[in-house]
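Visitor: upload03.cif (mmCIF, C-alpha atoms and all ligand atoms) pasted underneath:
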```cif
data_coords
loop_
_atom_site.label_atom_id
_atom_site.label_comp_id
_atom_site.auth_asym_id
_atom_site.auth_seq_id
_atom_site.Cartn_x
_atom_site.Cartn_y
_atom_site.Cartn_z
CA MET A 1 90.97 99.96 115.47
CA ALA A 2 87.96 98.34 117.09
CA ALA A 3 89.32 94.93 116.16
CA THR A 4 92.68 95.71 117.73
CA ALA A 5 90.99 96.98 120.84
CA ALA A 6 88.87 93.83 120.98
CA LEU A 7 91.96 91.71 120.59
CA LEU A 8 93.70 93.60 123.38
CA TYR A 9 90.65 93.22 125.56
CA ILE A 10 90.59 89.48 124.94
CA GLY A 11 94.31 89.34 125.76
CA LEU A 12 93.53 91.13 129.02
CA LEU A 13 90.68 88.80 129.90
CA LEU A 14 92.81 85.77 129.25
CA ARG A 15 95.53 86.72 131.66
CA PRO A 16 94.44 89.29 134.20
CA ASP A 17 96.34 87.63 137.06
CA SER A 18 99.77 87.18 135.52
CA VAL A 19 100.83 90.78 136.16
CA SER A 20 102.17 91.76 139.54
CA GLU A 21 100.41 94.44 141.56
CA ASN A 22 103.55 96.58 141.56
CA GLU A 23 103.60 96.71 137.80
CA ARG A 24 99.92 97.48 137.73
CA THR A 25 100.28 100.53 139.91
CA ALA A 26 103.36 101.73 138.05
CA SER A 27 101.32 102.24 134.91
CA ASP A 28 97.66 102.09 134.04
CA SER A 29 98.30 100.03 130.93
CA PRO A 30 95.81 97.39 129.85
CA PHE A 31 98.52 94.72 129.94
CA PHE A 32 102.23 94.22 130.42
CA ALA A 33 104.91 92.66 128.26
CA GLU A 34 106.16 89.49 129.87
CA PHE A 35 108.68 87.09 128.39
CA GLU A 36 111.70 84.95 129.01
CA LEU A 37 113.54 84.24 125.79
CA THR A 38 117.05 83.78 124.37
CA ASP A 39 118.47 86.63 122.36
CA HIS A 40 120.51 86.52 119.15
CA ARG A 41 123.71 86.53 121.19
CA GLY A 42 122.57 83.50 123.19
CA MET A 43 121.69 85.43 126.36
CA VAL A 44 118.48 84.92 128.30
CA GLN A 45 116.39 88.08 128.35
CA THR A 46 113.20 89.04 130.11
CA GLN A 47 111.21 92.29 130.04
CA ARG A 48 113.08 93.26 133.24
CA ASP A 49 116.33 93.49 131.25
CA PHE A 50 114.80 96.40 129.37
CA SER A 51 113.12 98.15 132.27
CA GLY A 52 113.54 101.90 132.16
CA ARG A 53 113.46 101.86 128.37
CA TRP A 54 110.64 101.78 125.88
CA MET A 55 110.32 98.53 123.95
CA LEU A 56 109.35 98.54 120.28
CA ILE A 57 108.35 94.92 119.65
CA PHE A 58 107.60 93.19 116.36
CA PHE A 59 106.71 89.51 115.96
CA GLY A 60 107.75 87.78 112.76
CA PHE A 61 110.02 85.22 111.13
CA THR A 62 113.23 85.48 109.14
CA ASN A 63 111.86 83.47 106.19
CA CYS A 64 109.33 86.22 105.56
CA PRO A 65 110.46 88.21 102.50
CA ASP A 66 107.82 90.94 102.66
CA ILE A 67 106.06 92.10 105.83
CA CYS A 68 108.94 91.42 108.24
CA PRO A 69 111.87 93.07 106.44
CA THR A 70 109.54 95.91 105.45
CA THR A 71 108.54 96.55 109.07
CA LEU A 72 112.10 96.18 110.38
CA SER A 73 113.31 98.64 107.75
CA GLU A 74 110.69 101.09 109.07
CA VAL A 75 111.88 100.38 112.60
CA ALA A 76 115.46 101.06 111.50
CA ALA A 77 114.32 104.38 110.00
CA VAL A 78 112.48 105.23 113.24
CA MET A 79 115.58 104.48 115.33
CA GLU A 80 117.69 106.66 113.06
CA GLY A 81 115.08 109.41 113.25
CA LEU A 82 115.19 109.32 117.05
CA GLY A 83 118.79 110.48 116.99
CA GLY A 84 119.95 111.16 120.54
CA GLU A 85 116.72 109.75 121.97
CA ALA A 86 117.36 106.34 120.42
CA GLU A 87 118.90 105.09 123.65
CA LYS A 88 115.49 105.41 125.32
CA VAL A 89 114.02 102.83 122.94
CA GLN A 90 114.93 99.18 122.46
CA PRO A 91 113.73 97.64 119.19
CA ILE A 92 113.01 93.92 119.58
CA PHE A 93 112.17 91.24 117.01
CA ILE A 94 110.53 88.16 118.52
CA THR A 95 110.38 85.20 116.17
CA ILE A 96 107.15 83.23 115.93
CA ASP A 97 109.08 80.53 114.03
CA ARG A 98 111.34 79.00 116.66
CA GLU A 99 111.93 75.88 114.55
CA ARG A 100 113.87 77.76 111.90
CA ASP A 101 114.94 80.86 113.83
CA SER A 102 117.74 79.88 116.18
CA PRO A 103 119.78 82.57 117.98
CA MET A 104 122.43 82.14 115.25
CA VAL A 105 119.90 82.66 112.44
CA LEU A 106 118.48 85.68 114.28
CA SER A 107 121.90 87.23 114.72
CA GLN A 108 122.59 87.04 110.96
CA TYR A 109 119.22 88.64 110.39
CA VAL A 110 118.76 91.45 112.91
CA GLU A 111 122.29 92.74 112.54
CA GLN A 112 121.67 93.45 108.85
CA PHE A 113 119.28 96.24 109.81
CA GLU A 114 122.01 98.09 111.76
CA ALA A 115 119.46 99.47 114.19
CA GLY A 116 120.44 97.69 117.41
CA ILE A 117 117.47 95.31 117.08
CA ILE A 118 117.52 92.45 119.57
CA GLY A 119 116.30 89.14 118.15
CA LEU A 120 114.54 86.80 120.57
CA THR A 121 113.61 83.13 120.27
CA GLY A 122 112.75 80.41 122.76
CA THR A 123 111.69 76.91 123.60
CA ALA A 124 108.25 75.63 122.66
CA ASN A 125 107.05 76.40 126.20
CA GLN A 126 108.53 79.89 126.18
CA MET A 127 106.89 80.58 122.85
CA ALA A 128 103.55 79.30 124.12
CA ALA A 129 103.88 81.75 127.01
CA ILE A 130 104.47 84.55 124.50
CA SER A 131 101.22 83.86 122.72
CA ASP A 132 99.43 84.05 126.07
CA SER A 133 101.26 87.18 127.17
CA PHE A 134 100.77 89.28 124.03
CA PRO A 135 97.58 89.93 122.04
CA ILE A 136 99.02 88.23 118.99
CA PHE A 137 98.11 85.41 116.66
CA PHE A 138 100.36 83.23 114.56
CA GLU A 139 100.04 79.92 112.81
CA ARG A 140 101.94 77.65 110.53
CA ASN A 141 100.69 77.26 106.95
CA GLU A 142 101.86 74.28 104.92
CA GLU A 143 103.41 75.45 101.67
CA ALA A 144 105.36 72.89 99.67
CA SER A 145 107.54 75.44 97.88
CA ALA A 146 108.67 77.20 101.08
CA PRO A 147 111.88 76.27 102.91
CA GLY A 148 111.00 73.45 105.32
CA GLY A 149 107.60 73.11 103.63
CA TYR A 150 105.77 75.85 105.51
CA THR A 151 105.28 79.55 105.94
CA MET A 152 103.74 81.53 108.81
CA SER A 153 100.80 83.86 109.26
CA HIS A 154 101.37 86.39 112.01
CA THR A 155 100.12 89.54 113.68
CA SER A 156 101.89 92.38 111.91
CA ASN A 157 101.24 95.24 114.34
CA LEU A 158 104.27 96.95 115.81
CA PHE A 159 103.86 97.22 119.61
CA LEU A 160 105.18 99.89 121.94
CA PHE A 161 105.66 99.25 125.67
CA ASP A 162 106.54 101.91 128.23
CA PRO A 163 109.56 101.82 130.57
CA GLN A 164 107.51 99.77 133.08
CA ALA A 165 106.76 97.24 130.27
CA GLY A 166 103.14 98.45 130.15
CA TYR A 167 101.40 98.43 126.81
CA SER A 168 101.46 101.90 125.28
CA THR A 169 100.19 101.57 121.70
CA SER A 170 100.48 99.58 118.52
CA TRP A 171 100.66 100.57 114.88
CA PRO A 172 99.15 98.45 112.13
CA TYR A 173 101.33 97.17 109.31
CA GLY A 174 101.88 99.86 106.73
CA THR A 175 102.20 102.78 109.17
CA SER A 176 105.11 104.80 107.83
CA ALA A 177 108.29 105.32 109.79
CA GLU A 178 107.55 109.05 109.79
CA GLU A 179 104.17 108.57 111.47
CA ILE A 180 105.56 106.10 113.99
CA LEU A 181 108.44 108.43 114.78
CA ALA A 182 106.14 111.41 115.35
CA ASP A 183 103.86 109.37 117.62
CA LEU A 184 106.80 107.88 119.50
CA GLN A 185 108.47 111.24 120.06
CA GLU A 186 105.31 112.53 121.67
CA ARG A 187 105.18 109.61 124.07
CA ILE A 188 108.79 109.16 125.17
CA MET B 1 117.57 105.61 84.73
CA GLN B 2 118.05 102.43 82.69
CA ILE B 3 118.27 100.25 85.77
CA GLY B 4 114.87 99.25 87.01
CA LYS B 5 113.22 100.24 83.74
CA ALA B 6 111.88 97.67 81.40
CA VAL B 7 114.04 96.20 78.72
CA VAL B 8 111.20 95.43 76.38
CA LYS B 9 111.81 92.50 74.09
CA LYS B 10 109.63 90.76 71.59
CA ASN B 11 109.58 87.06 72.02
CA HIS B 12 111.48 86.22 68.88
CA LEU B 13 111.69 82.52 69.55
CA ILE B 14 107.94 82.04 69.81
CA LYS B 15 107.42 84.19 66.76
CA VAL B 16 109.83 82.07 64.79
CA LEU B 17 108.14 78.89 65.98
CA VAL B 18 104.70 80.21 65.11
CA SER B 19 105.97 81.19 61.67
CA LEU B 20 107.45 77.76 61.12
CA LEU B 21 104.33 75.92 62.27
CA THR B 22 101.90 77.95 60.23
CA PHE B 23 104.18 78.32 57.21
CA VAL B 24 102.77 81.27 55.33
CA GLY B 25 100.56 84.11 56.31
CA ALA B 26 101.10 83.60 60.02
CA PRO B 27 99.68 86.72 61.58
CA THR B 28 102.45 87.49 64.04
CA SER B 29 100.14 90.18 65.34
CA THR B 30 98.28 87.47 67.29
CA LEU B 31 101.14 87.96 69.70
CA ALA B 32 100.26 91.32 71.12
CA GLY B 33 103.34 93.41 71.34
CA SER B 34 105.08 93.46 74.70
CA GLU B 35 105.81 97.10 73.92
CA ASP B 36 102.36 97.67 75.43
CA LEU B 37 103.70 96.63 78.82
CA VAL B 38 105.78 99.09 80.74
CA VAL B 39 107.55 97.93 83.87
CA GLU B 40 109.01 100.58 86.13
CA GLY B 41 110.51 101.10 89.55
CA ALA B 42 111.73 97.54 90.00
CA TRP B 43 113.74 96.75 93.11
CA ALA B 44 114.48 93.93 95.51
CA ARG B 45 116.00 93.61 98.95
CA ALA B 46 119.27 91.84 99.53
CA SER B 47 118.96 88.29 100.87
CA ILE B 48 121.02 86.63 103.56
CA GLY B 49 122.50 83.70 101.67
CA THR B 50 120.21 81.47 99.64
CA SER B 51 118.24 79.56 102.26
CA ARG B 52 115.39 82.04 102.56
CA PRO B 53 113.10 83.37 99.83
CA GLY B 54 113.45 86.84 98.37
CA ALA B 55 110.94 89.31 96.99
CA ALA B 56 110.97 91.83 94.15
CA TYR B 57 108.71 94.83 93.60
CA MET B 58 107.77 96.89 90.55
CA SER B 59 104.87 98.48 88.77
CA ILE B 60 103.46 97.07 85.54
CA ARG B 61 101.36 99.22 83.24
CA ASN B 62 99.30 98.05 80.29
CA THR B 63 99.42 100.82 77.70
CA GLY B 64 97.69 98.69 75.05
CA ASP B 65 93.98 98.42 74.32
CA THR B 66 93.38 94.79 75.35
CA PRO B 67 93.57 93.21 78.82
CA VAL B 68 96.79 91.32 79.51
CA THR B 69 97.27 88.61 82.12
CA ILE B 70 100.56 87.84 83.82
CA VAL B 71 100.89 84.07 83.74
CA GLY B 72 104.37 83.50 85.04
CA LEU B 73 107.78 84.71 86.12
CA ALA B 74 111.24 83.37 85.52
CA THR B 75 114.67 84.33 86.76
CA PRO B 76 118.00 82.51 86.78
CA ILE B 77 118.51 83.41 90.45
CA ALA B 78 115.51 81.39 91.72
CA GLN B 79 114.34 77.89 90.91
CA MET B 80 110.77 78.95 91.45
CA SER B 81 109.17 82.34 91.23
CA GLU B 82 105.58 83.48 91.21
CA ILE B 83 103.48 86.46 92.15
CA HIS B 84 102.39 86.34 95.77
CA GLU B 85 99.92 88.43 97.64
CA THR B 86 100.24 89.44 101.27
CA ARG B 87 96.89 90.02 102.94
CA THR B 88 96.35 91.55 106.35
CA ASN B 89 92.98 90.80 107.94
CA ALA B 90 90.90 92.98 110.25
CA GLU B 91 92.68 91.52 113.30
CA GLY B 92 96.05 92.60 111.92
CA VAL B 93 97.20 89.11 110.96
CA SER B 94 99.26 88.98 107.77
CA SER B 95 99.83 86.00 105.54
CA MET B 96 100.93 85.48 101.97
CA SER B 97 100.02 83.06 99.25
CA SER B 98 100.13 82.70 95.49
CA ALA B 99 98.18 85.50 93.83
CA GLY B 100 97.27 83.37 90.82
CA GLU B 101 97.03 85.06 87.45
CA ILE B 102 96.85 88.82 87.44
CA THR B 103 95.01 90.64 84.68
CA ILE B 104 95.87 94.23 83.85
CA GLU B 105 93.11 96.10 82.06
CA PRO B 106 93.99 98.54 79.27
CA GLY B 107 95.42 101.73 80.68
CA GLN B 108 95.71 100.20 84.14
CA ASN B 109 98.66 99.69 86.40
CA VAL B 110 99.43 96.88 88.80
CA ALA B 111 101.75 97.71 91.67
CA LEU B 112 103.90 95.04 93.29
CA GLU B 113 104.80 96.69 96.58
CA PRO B 114 105.51 95.75 100.21
CA GLY B 115 102.42 94.48 102.01
CA GLY B 116 100.55 93.76 98.77
CA LEU B 117 101.74 91.90 95.70
CA HIS B 118 105.33 90.77 95.32
CA ALA B 119 107.39 88.62 93.01
CA MET B 120 108.27 85.77 95.36
CA LEU B 121 111.67 84.30 94.57
CA MET B 122 111.97 80.80 95.99
CA ARG B 123 114.89 78.38 96.17
CA LEU B 124 117.48 81.01 95.42
CA GLN B 125 120.34 79.81 93.27
CA SER B 126 122.61 82.64 94.29
CA PRO B 127 122.46 85.18 97.11
CA MET B 128 120.89 88.52 96.30
CA GLN B 129 123.69 90.95 97.02
CA GLU B 130 123.25 94.65 97.58
CA GLY B 131 124.51 96.66 94.61
CA GLU B 132 124.04 93.81 92.15
CA SER B 133 121.06 93.18 89.90
CA PHE B 134 119.35 90.23 88.27
CA PRO B 135 117.15 89.63 85.20
CA LEU B 136 113.49 88.79 85.68
CA THR B 137 111.18 87.71 82.87
CA LEU B 138 107.46 88.35 83.06
CA LYS B 139 105.32 86.09 80.89
CA PHE B 140 101.93 87.16 79.63
CA ASP B 141 98.93 85.24 78.33
CA ASN B 142 99.33 86.68 74.85
CA GLY B 143 102.68 84.95 74.54
CA SER B 144 104.73 88.08 74.98
CA THR B 145 107.44 88.41 77.55
CA VAL B 146 109.10 91.38 79.18
CA GLU B 147 112.55 91.07 80.61
CA ILE B 148 113.60 93.55 83.24
CA VAL B 149 116.71 94.11 85.30
CA VAL B 150 116.02 94.34 89.01
CA PRO B 151 118.51 96.27 91.13
CA ILE B 152 119.21 94.79 94.57
CA LEU B 153 119.09 97.32 97.39
CA GLY B 154 120.06 96.83 101.02
CA ILE B 155 117.96 94.62 103.27
CA ALA B 156 116.70 97.70 105.10
CA ALA B 157 115.72 99.51 101.87
CA ARG B 158 112.28 101.08 101.97
CA GLY B 159 111.68 101.53 98.26
CA PRO B 160 113.15 102.04 94.82
CA SER B 161 113.99 105.72 95.29
CA GLU B 162 116.55 105.10 97.98
CU CU C 201 106.39 88.48 108.16
CU CU C 202 105.64 85.60 99.14
#
```
Rewrite the structure from the file as structure tokens, please.
Guide:
Amino acid sequence: MAATAALLYIGLLLRPDSVSENERTASDSPFFAEFELTDHRGMVQTQRDFSGRWMLIFFGFTNCPDICPTTLSEVAAVMEGLGGEAEKVQPIFITIDRERDSPMVLSQYVEQFEAGIIGLTGTANQMAAISDSFPIFFERNEEASAPGGYTMSHTSNLFLFDPQAGYSTSWPYGTSAEEILADLQERI
Amino acid sequence: MQIGKAVVKKNHLIKVLVSLLTFVGAPTSTLAGSEDLVVEGAWARASIGTSRPGAAYMSIRNTGDTPVTIVGLATPIAQMSEIHETRTNAEGVSSMSSAGEITIEPGQNVALEPGGLHAMLMRLQSPMQEGESFPLTLKFDNGSTVEIVVPILGIAARGPSE
């Protein structure tokens, strides 16, 4: 927990001026989600497109056979558990592997989870902005046996942002859908 | 209950070869019986086509009285398969890599489960389709093998009990 807090604090220090004053006063969050990316349907999306709704954001890559599908299956279970409140929450999967994860690839992937997950990818510059905007880390690891010769390391926390795009909380990998759902229901 | 449970097989071929090479008196007992290895709760998630790797999960118990090391995996659905380990560090960054050889002490159990160990299935030869299953052979250092049948669940499956 301390490490996550430290990471968030560093994220805050790195970009204290990129958040508008309006957003700041709307919520006392330590930082705000900010992005401009292309979704799995080919449409440009920013955090403003989701304003008024909570955003449940996970960063990963479609070549990941373990952490990513496991987390998205938990997200799908959370969305199902929300029932009528599901419309208040937008689950989002942001790829940290733009080279392999085109909008087309993302659409094949996110739709399999049948949870209304929006897949987002972007240009190299847009992705660089993401790593500045969010307290996340990812890197490419060469691995001869992997498709394309590499795999990715990535932050595996699931992030929650409030309807003003302010950071609300994050859950470490391995938090069960039941725990996430209970926490989420208290907040929304 | 047969699906996902181990189909325990002695490695007849190796036994025959050992018998042939050593002619008489070959103590086939040097090949510890794979009946000491119990594999349960196997499952895998469906893949999307064959271009991305898959993963399979299970638990492996050593009911014998000597340590046994898993030295390899084989399955007709993947050109390459090995046990991988996902590690998540204190900063919440996850990555996976080959787990190397895994030794199971007598009476112990090794769990391959999401976020920890998994059977990494690389260069898929056929898509992993929900509702189907595939054979997976586990090879051990004592020369024994265990062949299991792994049921393929949906991509959003959360475990074998679903
Ligand atoms: Cu992943
Ligand atoms: Cu792996």
Visitor: Which residues come within 6 Å of stretch 84-95 of chain B, counting all atoms listed in the file, excluding same-chain residues fewer than 4 positions away, as a list in words?
Guide: Ala3, Ser153, His154, Thr155 and Ser156 of chain A; Ala99, Gly115, Gly116, Leu117, His118 and Met120 of chain B
Visitor: So which one's closest to ligand CU 201 (chain C), B:Pro114, B:Pro76, B:Pro67, B:Gly159? Using all atoms listed in the file, please.
Guide: B:Pro114
Visitor: Which centre and which edge lengths, in Å to one decimal, describe the axis-aligned box that holds all listed atoms of stretch 105-121 of chain B after 8 Å is added on each side, as AutoDock Vina command-line options?
Guide:
```
--center_x 102.4 --center_y 93.0 --center_z 90.6 --size_x 34.6 --size_y 33.4 --size_z 38.7
```
Visitor: Residues up to 8 Å from ligand CU 202 (chain C), counting all atoms listed in the file: could you list those as a VMD selection string?
Guide: (chain A and resid 64 to 66) or (chain B and resid 53 to 55 83 to 86 96 to 98 118 to 121)
Visitor: Those same residues - C-alpha atoms - I'd like them written as a PDB file, in the coordinates of the input.
Guide:
```pdb
ATOM      1  CA  CYS A  64     109.330  86.220 105.560  1.00  0.00           C
ATOM      2  CA  PRO A  65     110.460  88.210 102.500  1.00  0.00           C
ATOM      3  CA  ASP A  66     107.820  90.940 102.660  1.00  0.00           C
TER       4      ASP A  66
ATOM      5  CA  PRO B  53     113.100  83.370  99.830  1.00  0.00           C
ATOM      6  CA  GLY B  54     113.450  86.840  98.370  1.00  0.00           C
ATOM      7  CA  ALA B  55     110.940  89.310  96.990  1.00  0.00           C
ATOM      8  CA  ILE B  83     103.480  86.460  92.150  1.00  0.00           C
ATOM      9  CA  HIS B  84     102.390  86.340  95.770  1.00  0.00           C
ATOM     10  CA  GLU B  85      99.920  88.430  97.640  1.00  0.00           C
ATOM     11  CA  THR B  86     100.240  89.440 101.270  1.00  0.00           C
ATOM     12  CA  MET B  96     100.930  85.480 101.970  1.00  0.00           C
ATOM     13  CA  SER B  97     100.020  83.060  99.250  1.00  0.00           C
ATOM     14  CA  SER B  98     100.130  82.700  95.490  1.00  0.00           C
ATOM     15  CA  HIS B 118     105.330  90.770  95.320  1.00  0.00           C
ATOM     16  CA  ALA B 119     107.390  88.620  93.010  1.00  0.00           C
ATOM     17  CA  MET B 120     108.270  85.770  95.360  1.00  0.00           C
ATOM     18  CA  LEU B 121     111.670  84.300  94.570  1.00  0.00           C
TER      19      LEU B 121
END
```
Visitor: Please report the interatomic distance between atom CA of A:Phe138 and atom CA of A:Leu72 in Å with one decimal.
Guide: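 Between atom CA of A:Phe138 and atom CA of A:Leu72 the gap works out to 18.0 Å.
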Visitor: Please indicate the distance in Å from atom CA of B:Asn109 to atom CA of B:Ser133, rounded to one decimal place.
Guide: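 That distance, rounded to one decimal, is 23.6 Å.
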Visitor: Counting all atoms listed in the file, which of B:Ile70, B:Ile77, B:Leu138, B:Met122 gets nearest to chain A?
Guide: B:Met122
Visitor: Per residue of chain A within 6 Å of ligand CU 201 (chain C), what are the shortest atom pair and its distance in Å to one decimal, counting all atoms listed in the file, with rows by chain and residue number, as a Markdown table?
Guide:
```
| residue | atom | partner | partner_atom | distance |
| --- | --- | --- | --- | --- |
| A:Gly60 | CA | C:CU201 | CU | 4.8 |
| A:Phe61 | CA | C:CU201 | CU | 5.7 |
| A:Cys64 | CA | C:CU201 | CU | 4.5 |
| A:Ile67 | CA | C:CU201 | CU | 4.3 |
| A:Cys68 | CA | C:CU201 | CU | 3.9 |
```
Visitor: Quick one: pull the distance between atom CA of A:Thr46 and atom CA of A:Val105, Å, one decimal.
Guide: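 Interatomic distance here is 19.9 Å.
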Visitor: Give me stretch 27-40 of chain A with N, CA, C and O atoms filled in, as a PDB file, in the frame of the given file.
Guide:
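File written: part06.pdb
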```
ATOM      1  N   SER A  27     101.829 101.756 136.186  1.00  0.00           N
ATOM      2  CA  SER A  27     101.320 102.240 134.910  1.00  0.00           C
ATOM      3  C   SER A  27      99.893 101.734 134.772  1.00  0.00           C
ATOM      4  O   SER A  27      99.564 100.672 135.262  1.00  0.00           O
ATOM      5  N   ASP A  28      99.046 102.546 134.162  1.00  0.00           N
ATOM      6  CA  ASP A  28      97.660 102.090 134.040  1.00  0.00           C
ATOM      7  C   ASP A  28      97.408 101.406 132.697  1.00  0.00           C
ATOM      8  O   ASP A  28      96.345 101.528 132.109  1.00  0.00           O
ATOM      9  N   SER A  29      98.421 100.701 132.215  1.00  0.00           N
ATOM     10  CA  SER A  29      98.300 100.030 130.930  1.00  0.00           C
ATOM     11  C   SER A  29      97.345  98.856 131.000  1.00  0.00           C
ATOM     12  O   SER A  29      97.193  98.241 132.051  1.00  0.00           O
ATOM     13  N   PRO A  30      96.728  98.531 129.863  1.00  0.00           N
ATOM     14  CA  PRO A  30      95.810  97.390 129.850  1.00  0.00           C
ATOM     15  C   PRO A  30      96.521  96.054 130.056  1.00  0.00           C
ATOM     16  O   PRO A  30      95.913  95.098 130.538  1.00  0.00           O
ATOM     17  N   PHE A  31      97.779  95.967 129.673  1.00  0.00           N
ATOM     18  CA  PHE A  31      98.520  94.720 129.940  1.00  0.00           C
ATOM     19  C   PHE A  31     100.011  95.013 129.882  1.00  0.00           C
ATOM     20  O   PHE A  31     100.438  96.095 129.478  1.00  0.00           O
ATOM     21  N   PHE A  32     100.780  94.048 130.346  1.00  0.00           N
ATOM     22  CA  PHE A  32     102.230  94.220 130.420  1.00  0.00           C
ATOM     23  C   PHE A  32     102.962  93.177 129.588  1.00  0.00           C
ATOM     24  O   PHE A  32     102.508  92.036 129.491  1.00  0.00           O
ATOM     25  N   ALA A  33     104.068  93.600 129.009  1.00  0.00           N
ATOM     26  CA  ALA A  33     104.910  92.660 128.260  1.00  0.00           C
ATOM     27  C   ALA A  33     105.578  91.738 129.262  1.00  0.00           C
ATOM     28  O   ALA A  33     106.095  92.196 130.284  1.00  0.00           O
ATOM     29  N   GLU A  34     105.532  90.460 128.996  1.00  0.00           N
ATOM     30  CA  GLU A  34     106.160  89.490 129.870  1.00  0.00           C
ATOM     31  C   GLU A  34     106.758  88.380 129.016  1.00  0.00           C
ATOM     32  O   GLU A  34     106.042  87.791 128.202  1.00  0.00           O
ATOM     33  N   PHE A  35     108.052  88.160 129.178  1.00  0.00           N
ATOM     34  CA  PHE A  35     108.680  87.090 128.390  1.00  0.00           C
ATOM     35  C   PHE A  35     109.984  86.649 129.010  1.00  0.00           C
ATOM     36  O   PHE A  35     110.597  87.381 129.789  1.00  0.00           O
ATOM     37  N   GLU A  36     110.359  85.426 128.692  1.00  0.00           N
ATOM     38  CA  GLU A  36     111.700  84.950 129.010  1.00  0.00           C
ATOM     39  C   GLU A  36     112.161  84.194 127.776  1.00  0.00           C
ATOM     40  O   GLU A  36     111.612  83.143 127.427  1.00  0.00           O
ATOM     41  N   LEU A  37     113.119  84.770 127.082  1.00  0.00           N
ATOM     42  CA  LEU A  37     113.540  84.240 125.790  1.00  0.00           C
ATOM     43  C   LEU A  37     115.056  84.345 125.658  1.00  0.00           C
ATOM     44  O   LEU A  37     115.712  84.979 126.483  1.00  0.00           O
ATOM     45  N   THR A  38     115.606  83.724 124.620  1.00  0.00           N
ATOM     46  CA  THR A  38     117.050  83.780 124.370  1.00  0.00           C
ATOM     47  C   THR A  38     117.291  84.746 123.220  1.00  0.00           C
ATOM     48  O   THR A  38     116.611  84.670 122.206  1.00  0.00           O
ATOM     49  N   ASP A  39     118.246  85.642 123.417  1.00  0.00           N
ATOM     50  CA  ASP A  39     118.470  86.630 122.360  1.00  0.00           C
ATOM     51  C   ASP A  39     119.449  86.111 121.302  1.00  0.00           C
ATOM     52  O   ASP A  39     119.963  84.997 121.405  1.00  0.00           O
ATOM     53  N   HIS A  40     119.690  86.947 120.289  1.00  0.00           N
ATOM     54  CA  HIS A  40     120.510  86.520 119.150  1.00  0.00           C
ATOM     55  C   HIS A  40     121.977  86.351 119.509  1.00  0.00           C
ATOM     56  O   HIS A  40     122.758  85.873 118.691  1.00  0.00           O
TER      57      HIS A  40
END
```
